[in-house]
Amino acid sequence: MSIDGAYDSDNIFAKILRGDMPCVKVFEDENTLALMDVFPQSPGHVLVIPKAASRNMLDTDSETLSHVISATQHVAKAVNKALCPDGIVVTQFNGAPAGQTVFHLHFHIIPRYMGRIISDHSSGRMAEISDLETLAAKIRATFALHNDERSV
């Protein structure tokens with residue numbers, strides 16, 4: 001798929017936002033949702049999506065983009081506090097040739113640890129939901145420690 005195109009309201013993130021598909025929530029506010037990636041590249045891999053229908057960063061209005069990047073920073077700080085990685089990769093893809101596989105704007109927050117290789121996202125190995133719930137609870141706990149009213 002090219003960068004340009006119509007928004008597909010049947011993509012997995014649209015289904016999650018409508019409540020048609022489950023997810024493991026990490027954070028939610030009126031404009032964004034952060035959820036555990038079910039095909040994590042590293043333990044604690046989180047996705048941050050806008051609630052607005054947005055195909056990619058290039059077709060997203062600046063207000064929506066502002067909300068989603070602010071939420072991405074907010075969640076990345078929580079991932080850092082909760083999981084103590086050696087580094088954090090934040091990525092975002094626009095169009096299939098760039099690596100985008102779900103055509104709803106999303107940012108990846110991927111904890112990195114020295115000496116550990118990250119998994120291939122297309123490996124097809126789905127994480128155990130119980131493991132994702134455990135990691136999400138650790139991340140959510142950092143919001144509670146700071147009395148963050150925006151947390152889940």
# chains A, B, ... in the order shown; residues from 1 in each chain; ligands from 1
$ select_by_dssp --residues "chain A" --states "strand (DSSP E)" --output "JSON, numbers by chain"
{"A": [25, 26, 27, 28, 32, 33, 34, 35, 36, 46, 47, 48, 49, 50, 87, 88, 89, 90, 91, 107, 108, 109, 110, 111, 112]}
$ residues_around --residues "region 128-132 of chain A" --least-positions-apart "3" --cutoff "7 Å" --atoms "only C-alpha atoms" --output "JSON, numbers by chain"
{"A": [24, 36, 135, 136]}
$ residues_around --residues "Ile12 (chain A)" --least-positions-apart "3" --cutoff "10 Å" --atoms "only C-alpha atoms" --output "PDB file with N, CA and C atoms, in the first residue's frame"
ATOM      1  N   ASP A   8      -9.082   2.895   6.185  1.00  0.00           N
ATOM      2  CA  ASP A   8      -9.839   1.643   6.268  1.00  0.00           C
ATOM      3  C   ASP A   8     -10.384   1.493   7.684  1.00  0.00           C
ATOM      4  N   SER A   9     -11.673   1.664   7.855  1.00  0.00           N
ATOM      5  CA  SER A   9     -12.276   1.598   9.186  1.00  0.00           C
ATOM      6  C   SER A   9     -12.359   0.174   9.733  1.00  0.00           C
ATOM      7  N   LYS A  15     -10.908  -1.363  15.000  1.00  0.00           N
ATOM      8  CA  LYS A  15     -11.738  -2.369  15.678  1.00  0.00           C
ATOM      9  C   LYS A  15     -11.527  -2.324  17.190  1.00  0.00           C
ATOM     10  N   ILE A  16     -10.296  -2.145  17.617  1.00  0.00           N
ATOM     11  CA  ILE A  16     -10.005  -2.037  19.052  1.00  0.00           C
ATOM     12  C   ILE A  16     -10.676  -0.797  19.627  1.00  0.00           C
ATOM     13  N   LEU A  17     -10.551   0.326  18.934  1.00  0.00           N
ATOM     14  CA  LEU A  17     -11.153   1.569  19.417  1.00  0.00           C
ATOM     15  C   LEU A  17     -12.672   1.479  19.513  1.00  0.00           C
ATOM     16  N   ARG A  18     -13.301   0.725  18.621  1.00  0.00           N
ATOM     17  CA  ARG A  18     -14.757   0.540  18.662  1.00  0.00           C
ATOM     18  C   ARG A  18     -15.178  -0.485  19.707  1.00  0.00           C
ATOM     19  N   ASP A  20     -14.589  -3.732  19.253  1.00  0.00           N
ATOM     20  CA  ASP A  20     -14.844  -4.979  18.533  1.00  0.00           C
ATOM     21  C   ASP A  20     -13.743  -6.012  18.737  1.00  0.00           C
ATOM     22  N   MET A  21     -12.572  -5.571  19.170  1.00  0.00           N
ATOM     23  CA  MET A  21     -11.430  -6.452  19.428  1.00  0.00           C
ATOM     24  C   MET A  21     -10.849  -6.081  20.796  1.00  0.00           C
ATOM     25  N   PRO A  22     -10.368  -7.065  21.540  1.00  0.00           N
ATOM     26  CA  PRO A  22      -9.773  -6.764  22.843  1.00  0.00           C
ATOM     27  C   PRO A  22      -8.345  -6.241  22.705  1.00  0.00           C
ATOM     28  N   VAL A 102      -0.202  -1.789   9.605  1.00  0.00           N
ATOM     29  CA  VAL A 102      -1.557  -1.411   9.996  1.00  0.00           C
ATOM     30  C   VAL A 102      -1.711   0.056   9.626  1.00  0.00           C
ATOM     31  N   PHE A 103      -2.706   0.356   8.799  1.00  0.00           N
ATOM     32  CA  PHE A 103      -2.832   1.693   8.256  1.00  0.00           C
ATOM     33  C   PHE A 103      -3.741   2.577   9.105  1.00  0.00           C
ATOM     34  N   HIS A 104      -3.315   2.696  10.361  1.00  0.00           N
ATOM     35  CA  HIS A 104      -3.854   3.637  11.345  1.00  0.00           C
ATOM     36  C   HIS A 104      -2.600   4.154  12.046  1.00  0.00           C
TER      37      HIS A 104
END
$ closest_residue --among "A:Glu28, A:Glu133, A:Asp10, A:Asp86" --to "Ile49 (chain A)" --atoms "only C-alpha atoms"
A:Glu28
$ residues_around --residues "region 110-120 of chain A" --least-positions-apart "3" --cutoff "7 Å" --atoms "only C-alpha atoms" --output "PDB file with N, CA, C and O atoms, in the first residue's frame"
ATOM      1  N   GLN A  41       8.446  -6.870  19.947  1.00  0.00           N
ATOM      2  CA  GLN A  41       9.837  -7.022  19.540  1.00  0.00           C
ATOM      3  C   GLN A  41      10.749  -7.130  20.757  1.00  0.00           C
ATOM      4  O   GLN A  41      11.876  -7.581  20.640  1.00  0.00           O
ATOM      5  N   SER A  42      10.231  -6.707  21.897  1.00  0.00           N
ATOM      6  CA  SER A  42      10.956  -6.742  23.163  1.00  0.00           C
ATOM      7  C   SER A  42       9.893  -6.704  24.265  1.00  0.00           C
ATOM      8  O   SER A  42       8.824  -6.114  24.060  1.00  0.00           O
ATOM      9  N   GLY A  44       7.606  -5.412  26.886  1.00  0.00           N
ATOM     10  CA  GLY A  44       7.213  -4.042  27.195  1.00  0.00           C
ATOM     11  C   GLY A  44       6.938  -3.199  25.966  1.00  0.00           C
ATOM     12  O   GLY A  44       6.718  -1.996  26.078  1.00  0.00           O
ATOM     13  N   HIS A  45       6.912  -3.812  24.786  1.00  0.00           N
ATOM     14  CA  HIS A  45       6.634  -3.099  23.528  1.00  0.00           C
ATOM     15  C   HIS A  45       5.199  -2.577  23.566  1.00  0.00           C
ATOM     16  O   HIS A  45       4.250  -3.334  23.671  1.00  0.00           O
ATOM     17  N   VAL A  46       5.063  -1.253  23.484  1.00  0.00           N
ATOM     18  CA  VAL A  46       3.763  -0.586  23.573  1.00  0.00           C
ATOM     19  C   VAL A  46       3.498   0.176  22.282  1.00  0.00           C
ATOM     20  O   VAL A  46       4.415   0.715  21.666  1.00  0.00           O
ATOM     21  N   PRO A  85      14.796  -0.159  31.060  1.00  0.00           N
ATOM     22  CA  PRO A  85      15.592  -0.635  29.927  1.00  0.00           C
ATOM     23  C   PRO A  85      16.872   0.192  29.796  1.00  0.00           C
ATOM     24  O   PRO A  85      16.990   1.268  30.381  1.00  0.00           O
ATOM     25  N   ASP A  86      17.802  -0.307  29.001  1.00  0.00           N
ATOM     26  CA  ASP A  86      19.029   0.435  28.731  1.00  0.00           C
ATOM     27  C   ASP A  86      18.791   1.549  27.713  1.00  0.00           C
ATOM     28  O   ASP A  86      19.555   2.507  27.643  1.00  0.00           O
ATOM     29  N   GLY A  87      17.732   1.418  26.935  1.00  0.00           N
ATOM     30  CA  GLY A  87      17.362   2.413  25.941  1.00  0.00           C
ATOM     31  C   GLY A  87      15.933   2.170  25.497  1.00  0.00           C
ATOM     32  O   GLY A  87      15.342   1.135  25.818  1.00  0.00           O
ATOM     33  N   ILE A  88      15.388   3.123  24.770  1.00  0.00           N
ATOM     34  CA  ILE A  88      14.026   2.990  24.243  1.00  0.00           C
ATOM     35  C   ILE A  88      14.036   3.469  22.791  1.00  0.00           C
ATOM     36  O   ILE A  88      14.502   4.577  22.506  1.00  0.00           O
ATOM     37  N   VAL A  89      13.502   2.646  21.921  1.00  0.00           N
ATOM     38  CA  VAL A  89      13.338   3.018  20.521  1.00  0.00           C
ATOM     39  C   VAL A  89      11.891   3.465  20.337  1.00  0.00           C
ATOM     40  O   VAL A  89      10.966   2.760  20.769  1.00  0.00           O
ATOM     41  N   VAL A  90      11.695   4.615  19.700  1.00  0.00           N
ATOM     42  CA  VAL A  90      10.361   5.073  19.328  1.00  0.00           C
ATOM     43  C   VAL A  90      10.359   5.154  17.810  1.00  0.00           C
ATOM     44  O   VAL A  90      11.187   5.860  17.225  1.00  0.00           O
ATOM     45  N   SER A 123       7.499 -11.945  12.935  1.00  0.00           N
ATOM     46  CA  SER A 123       7.812 -13.344  13.241  1.00  0.00           C
ATOM     47  C   SER A 123       6.566 -14.211  13.380  1.00  0.00           C
ATOM     48  O   SER A 123       6.626 -15.422  13.247  1.00  0.00           O
TER      49      SER A 123
END
$ select_by_dssp --residues "chain A" --states "alpha helix (DSSP H)" --output "short mmCIF file (atom, residue, chain, number, x, y, z; two decimals) with N, CA, C and O atoms, in the first residue's frame"
data_model
loop_
_atom_site.label_atom_id
_atom_site.label_comp_id
_atom_site.auth_asym_id
_atom_site.auth_seq_id
_atom_site.Cartn_x
_atom_site.Cartn_y
_atom_site.Cartn_z
N ILE A 12 -7.25 -3.18 12.38
CA ILE A 12 -7.27 -3.73 13.75
C ILE A 12 -7.39 -2.65 14.81
O ILE A 12 -8.10 -2.82 15.80
N PHE A 13 -6.73 -1.49 14.63
CA PHE A 13 -6.81 -0.45 15.65
C PHE A 13 -8.19 0.20 15.68
O PHE A 13 -8.69 0.54 16.75
N ALA A 14 -8.81 0.36 14.52
CA ALA A 14 -10.17 0.89 14.49
C ALA A 14 -11.12 -0.07 15.20
O ALA A 14 -12.01 0.36 15.95
N LYS A 15 -10.91 -1.36 15.00
CA LYS A 15 -11.74 -2.37 15.68
C LYS A 15 -11.53 -2.32 17.19
O LYS A 15 -12.49 -2.44 17.96
N ILE A 16 -10.30 -2.15 17.62
CA ILE A 16 -10.01 -2.04 19.05
C ILE A 16 -10.68 -0.80 19.63
O ILE A 16 -11.31 -0.86 20.68
N LEU A 17 -10.55 0.33 18.93
CA LEU A 17 -11.15 1.57 19.42
C LEU A 17 -12.67 1.48 19.51
O LEU A 17 -13.27 2.07 20.41
N ARG A 18 -13.30 0.73 18.62
CA ARG A 18 -14.76 0.54 18.66
C ARG A 18 -15.18 -0.49 19.71
O ARG A 18 -16.36 -0.64 20.00
N SER A 62 -2.55 18.44 12.66
CA SER A 62 -1.51 18.75 13.65
C SER A 62 -2.01 18.63 15.09
O SER A 62 -1.23 18.27 15.98
N GLU A 63 -3.27 18.89 15.34
CA GLU A 63 -3.79 18.76 16.71
C GLU A 63 -3.78 17.30 17.15
O GLU A 63 -3.34 16.98 18.26
N THR A 64 -4.25 16.40 16.29
CA THR A 64 -4.23 14.98 16.61
C THR A 64 -2.80 14.50 16.80
O THR A 64 -2.49 13.77 17.75
N LEU A 65 -1.92 14.93 15.91
CA LEU A 65 -0.51 14.53 16.01
C LEU A 65 0.11 15.03 17.31
O LEU A 65 0.87 14.30 17.97
N SER A 66 -0.25 16.22 17.71
CA SER A 66 0.25 16.78 18.97
C SER A 66 -0.19 15.92 20.16
O SER A 66 0.61 15.62 21.04
N HIS A 67 -1.43 15.49 20.16
CA HIS A 67 -1.93 14.64 21.24
C HIS A 67 -1.21 13.29 21.27
O HIS A 67 -0.81 12.81 22.33
N VAL A 68 -1.04 12.69 20.11
CA VAL A 68 -0.45 11.35 20.08
C VAL A 68 1.04 11.38 20.42
O VAL A 68 1.53 10.48 21.12
N ILE A 69 1.77 12.41 20.01
CA ILE A 69 3.20 12.46 20.34
C ILE A 69 3.39 12.79 21.82
O ILE A 69 4.29 12.27 22.47
N SER A 70 2.50 13.60 22.37
CA SER A 70 2.55 13.89 23.81
C SER A 70 2.28 12.60 24.61
O SER A 70 2.99 12.31 25.59
N ALA A 71 1.29 11.85 24.19
CA ALA A 71 0.98 10.57 24.86
C ALA A 71 2.13 9.59 24.70
O ALA A 71 2.45 8.84 25.62
N THR A 72 2.77 9.59 23.54
CA THR A 72 3.91 8.69 23.30
C THR A 72 5.04 9.01 24.28
O THR A 72 5.62 8.10 24.88
N GLN A 73 5.33 10.28 24.47
CA GLN A 73 6.37 10.66 25.43
C GLN A 73 5.96 10.25 26.85
O GLN A 73 6.77 9.70 27.60
N HIS A 74 4.72 10.50 27.19
CA HIS A 74 4.20 10.17 28.52
C HIS A 74 4.33 8.68 28.82
O HIS A 74 4.82 8.27 29.87
N VAL A 75 3.94 7.85 27.85
CA VAL A 75 4.01 6.40 28.03
C VAL A 75 5.47 5.92 28.00
O VAL A 75 5.84 5.04 28.78
N ALA A 76 6.29 6.50 27.14
CA ALA A 76 7.71 6.10 27.10
C ALA A 76 8.40 6.37 28.44
O ALA A 76 9.21 5.55 28.90
N LYS A 77 8.05 7.47 29.08
CA LYS A 77 8.61 7.76 30.41
C LYS A 77 8.16 6.70 31.41
O LYS A 77 8.96 6.27 32.26
N ALA A 78 6.92 6.28 31.32
CA ALA A 78 6.41 5.24 32.23
C ALA A 78 7.09 3.90 31.95
O ALA A 78 7.43 3.17 32.90
N VAL A 79 7.27 3.56 30.69
CA VAL A 79 7.98 2.32 30.33
C VAL A 79 9.40 2.37 30.92
O VAL A 79 9.88 1.39 31.49
N ASN A 80 10.05 3.50 30.80
CA ASN A 80 11.40 3.65 31.33
C ASN A 80 11.43 3.44 32.84
O ASN A 80 12.28 2.72 33.36
N LYS A 81 10.50 4.06 33.55
CA LYS A 81 10.45 3.93 35.01
C LYS A 81 10.09 2.51 35.44
O LYS A 81 10.65 1.98 36.39
N ALA A 82 9.16 1.90 34.74
CA ALA A 82 8.66 0.59 35.15
C ALA A 82 9.61 -0.55 34.81
O ALA A 82 9.75 -1.49 35.59
N LEU A 83 10.25 -0.48 33.65
CA LEU A 83 11.01 -1.63 33.16
C LEU A 83 12.52 -1.42 33.16
O LEU A 83 13.27 -2.38 32.94
N ILE A 129 -1.11 -13.41 26.60
CA ILE A 129 -1.85 -12.26 27.13
C ILE A 129 -1.53 -12.05 28.61
O ILE A 129 -1.40 -10.91 29.05
N SER A 130 -1.34 -13.12 29.36
CA SER A 130 -1.01 -12.97 30.77
C SER A 130 0.33 -12.26 30.96
O SER A 130 0.48 -11.45 31.88
N ASP A 131 1.29 -12.51 30.08
CA ASP A 131 2.58 -11.81 30.14
C ASP A 131 2.40 -10.33 29.82
O ASP A 131 3.01 -9.46 30.47
N LEU A 132 1.57 -10.05 28.82
CA LEU A 132 1.32 -8.65 28.47
C LEU A 132 0.61 -7.92 29.60
O LEU A 132 0.92 -6.76 29.89
N GLU A 133 -0.34 -8.60 30.24
CA GLU A 133 -1.06 -8.00 31.38
C GLU A 133 -0.10 -7.66 32.52
O GLU A 133 -0.21 -6.60 33.14
N THR A 134 0.85 -8.56 32.79
CA THR A 134 1.83 -8.33 33.85
C THR A 134 2.68 -7.10 33.55
O THR A 134 2.90 -6.25 34.42
N LEU A 135 3.18 -7.01 32.32
CA LEU A 135 3.99 -5.85 31.93
C LEU A 135 3.17 -4.57 31.95
O LEU A 135 3.63 -3.53 32.44
N ALA A 136 1.94 -4.63 31.45
CA ALA A 136 1.07 -3.45 31.44
C ALA A 136 0.80 -2.97 32.87
O ALA A 136 0.78 -1.76 33.12
N ALA A 137 0.59 -3.89 33.78
CA ALA A 137 0.34 -3.51 35.18
C ALA A 137 1.54 -2.78 35.76
O ALA A 137 1.38 -1.80 36.50
N LYS A 138 2.75 -3.23 35.44
CA LYS A 138 3.96 -2.55 35.92
C LYS A 138 4.03 -1.13 35.37
O LYS A 138 4.39 -0.19 36.09
N ILE A 139 3.71 -0.98 34.09
CA ILE A 139 3.77 0.34 33.47
C ILE A 139 2.67 1.24 34.05
O ILE A 139 2.93 2.39 34.42
N ARG A 140 1.46 0.71 34.17
CA ARG A 140 0.34 1.50 34.73
C ARG A 140 0.64 1.93 36.16
O ARG A 140 0.23 3.01 36.59
N ALA A 141 1.35 1.11 36.91
CA ALA A 141 1.66 1.44 38.31
C ALA A 141 2.48 2.72 38.41
O ALA A 141 2.37 3.45 39.40
N THR A 142 3.30 3.01 37.40
CA THR A 142 4.09 4.24 37.47
C THR A 142 3.20 5.47 37.35
O THR A 142 3.51 6.51 37.92
N PHE A 143 2.10 5.35 36.62
CA PHE A 143 1.17 6.48 36.54
C PHE A 143 0.53 6.72 37.91
O PHE A 143 0.41 7.85 38.35
N ALA A 144 0.14 5.65 38.58
CA ALA A 144 -0.49 5.75 39.90
C ALA A 144 0.46 6.35 40.92
O ALA A 144 0.05 7.12 41.78
N LEU A 145 1.75 6.03 40.82
CA LEU A 145 2.74 6.57 41.75
C LEU A 145 2.85 8.08 41.66
O LEU A 145 3.19 8.76 42.61
#
$ residues_around --residues "Gly95 (chain A)" --least-positions-apart "2" --cutoff "10 Å" --atoms "only C-alpha atoms" --output "JSON, numbers by chain"
{"A": [1, 2, 3, 4, 5, 55, 56, 57, 58, 93, 97, 98, 99, 100, 101, 102, 103]}
$ write_last_selection --atoms "N, CA, C and O atoms" --output "JSON list (two decimals), in the first residue's frame"
[["chain", "number", "residue", "atom", "x", "y", "z"],
["A", 1, "MET", "N", 0.85, -1.19, 0.00],
["A", 1, "MET", "CA", 0.00, 0.00, 0.00],
["A", 1, "MET", "C", 0.89, 1.25, 0.00],
["A", 1, "MET", "O", 1.91, 1.28, 0.65],
["A", 2, "SER", "N", 0.43, 2.23, -0.71],
["A", 2, "SER", "CA", 1.19, 3.47, -0.80],
["A", 2, "SER", "C", 0.92, 4.34, 0.43],
["A", 2, "SER", "O", 0.06, 4.04, 1.26],
["A", 3, "ILE", "N", 1.61, 5.43, 0.48],
["A", 3, "ILE", "CA", 1.42, 6.38, 1.59],
["A", 3, "ILE", "C", 0.02, 6.99, 1.54],
["A", 3, "ILE", "O", -0.63, 7.16, 2.56],
["A", 4, "ASP", "N", -0.44, 7.32, 0.34],
["A", 4, "ASP", "CA", -1.76, 7.94, 0.17],
["A", 4, "ASP", "C", -2.83, 6.87, 0.04],
["A", 4, "ASP", "O", -2.59, 5.77, -0.43],
["A", 5, "GLY", "N", -4.03, 7.22, 0.44],
["A", 5, "GLY", "CA", -5.14, 6.30, 0.30],
["A", 5, "GLY", "C", -6.24, 6.63, 1.28],
["A", 5, "GLY", "O", -6.08, 7.47, 2.16],
["A", 55, "ARG", "N", -4.68, 7.68, 8.96],
["A", 55, "ARG", "CA", -4.00, 6.60, 8.24],
["A", 55, "ARG", "C", -2.51, 6.57, 8.56],
["A", 55, "ARG", "O", -1.93, 5.51, 8.76],
["A", 56, "ASN", "N", -1.88, 7.74, 8.56],
["A", 56, "ASN", "CA", -0.45, 7.84, 8.87],
["A", 56, "ASN", "C", -0.12, 9.27, 9.28],
["A", 56, "ASN", "O", -1.01, 10.12, 9.32],
["A", 57, "MET", "N", 1.13, 9.53, 9.58],
["A", 57, "MET", "CA", 1.52, 10.84, 10.07],
["A", 57, "MET", "C", 1.31, 11.93, 9.03],
["A", 57, "MET", "O", 1.04, 13.08, 9.37],
["A", 58, "LEU", "N", 1.40, 11.58, 7.76],
["A", 58, "LEU", "CA", 1.30, 12.58, 6.71],
["A", 58, "LEU", "C", -0.13, 13.07, 6.47],
["A", 58, "LEU", "O", -0.32, 14.17, 5.97],
["A", 93, "PHE", "N", 5.97, 4.39, 11.15],
["A", 93, "PHE", "CA", 6.14, 4.09, 9.73],
["A", 93, "PHE", "C", 4.99, 4.69, 8.91],
["A", 93, "PHE", "O", 3.85, 4.70, 9.36],
["A", 97, "PRO", "N", 6.07, 0.37, 2.01],
["A", 97, "PRO", "CA", 7.51, 0.28, 1.75],
["A", 97, "PRO", "C", 8.37, 0.73, 2.94],
["A", 97, "PRO", "O", 9.52, 0.33, 3.06],
["A", 98, "ALA", "N", 7.78, 1.55, 3.83],
["A", 98, "ALA", "CA", 8.51, 2.02, 5.02],
["A", 98, "ALA", "C", 8.35, 1.06, 6.19],
["A", 98, "ALA", "O", 8.97, 1.24, 7.23],
["A", 99, "GLY", "N", 7.50, 0.05, 6.04],
["A", 99, "GLY", "CA", 7.30, -0.92, 7.10],
["A", 99, "GLY", "C", 5.95, -0.87, 7.77],
["A", 99, "GLY", "O", 5.67, -1.65, 8.68],
["A", 100, "GLN", "N", 5.07, 0.04, 7.36],
["A", 100, "GLN", "CA", 3.74, 0.13, 7.97],
["A", 100, "GLN", "C", 2.90, -1.07, 7.55],
["A", 100, "GLN", "O", 2.80, -1.39, 6.37],
["A", 101, "THR", "N", 2.33, -1.76, 8.54],
["A", 101, "THR", "CA", 1.48, -2.92, 8.25],
["A", 101, "THR", "C", 0.04, -2.70, 8.67],
["A", 101, "THR", "O", -0.85, -3.36, 8.15],
["A", 102, "VAL", "N", -0.20, -1.79, 9.61],
["A", 102, "VAL", "CA", -1.56, -1.41, 10.00],
["A", 102, "VAL", "C", -1.71, 0.06, 9.63],
["A", 102, "VAL", "O", -0.94, 0.90, 10.09],
["A", 103, "PHE", "N", -2.71, 0.36, 8.80],
["A", 103, "PHE", "CA", -2.83, 1.69, 8.26],
["A", 103, "PHE", "C", -3.74, 2.58, 9.11],
["A", 103, "PHE", "O", -4.76, 3.10, 8.66]]
$ closest_residue --among "A:Ser54, A:Asp61, A:Cys23, A:Met126" --to "Asn94 (chain A)" --atoms "only C-alpha atoms"
A:Ser54
$ residues_around --residues "Thr91 (chain A)" --least-positions-apart "6" --cutoff "7 Å" --atoms "only C-alpha atoms" --output "ChimeraX atom specification"
/A:107-109
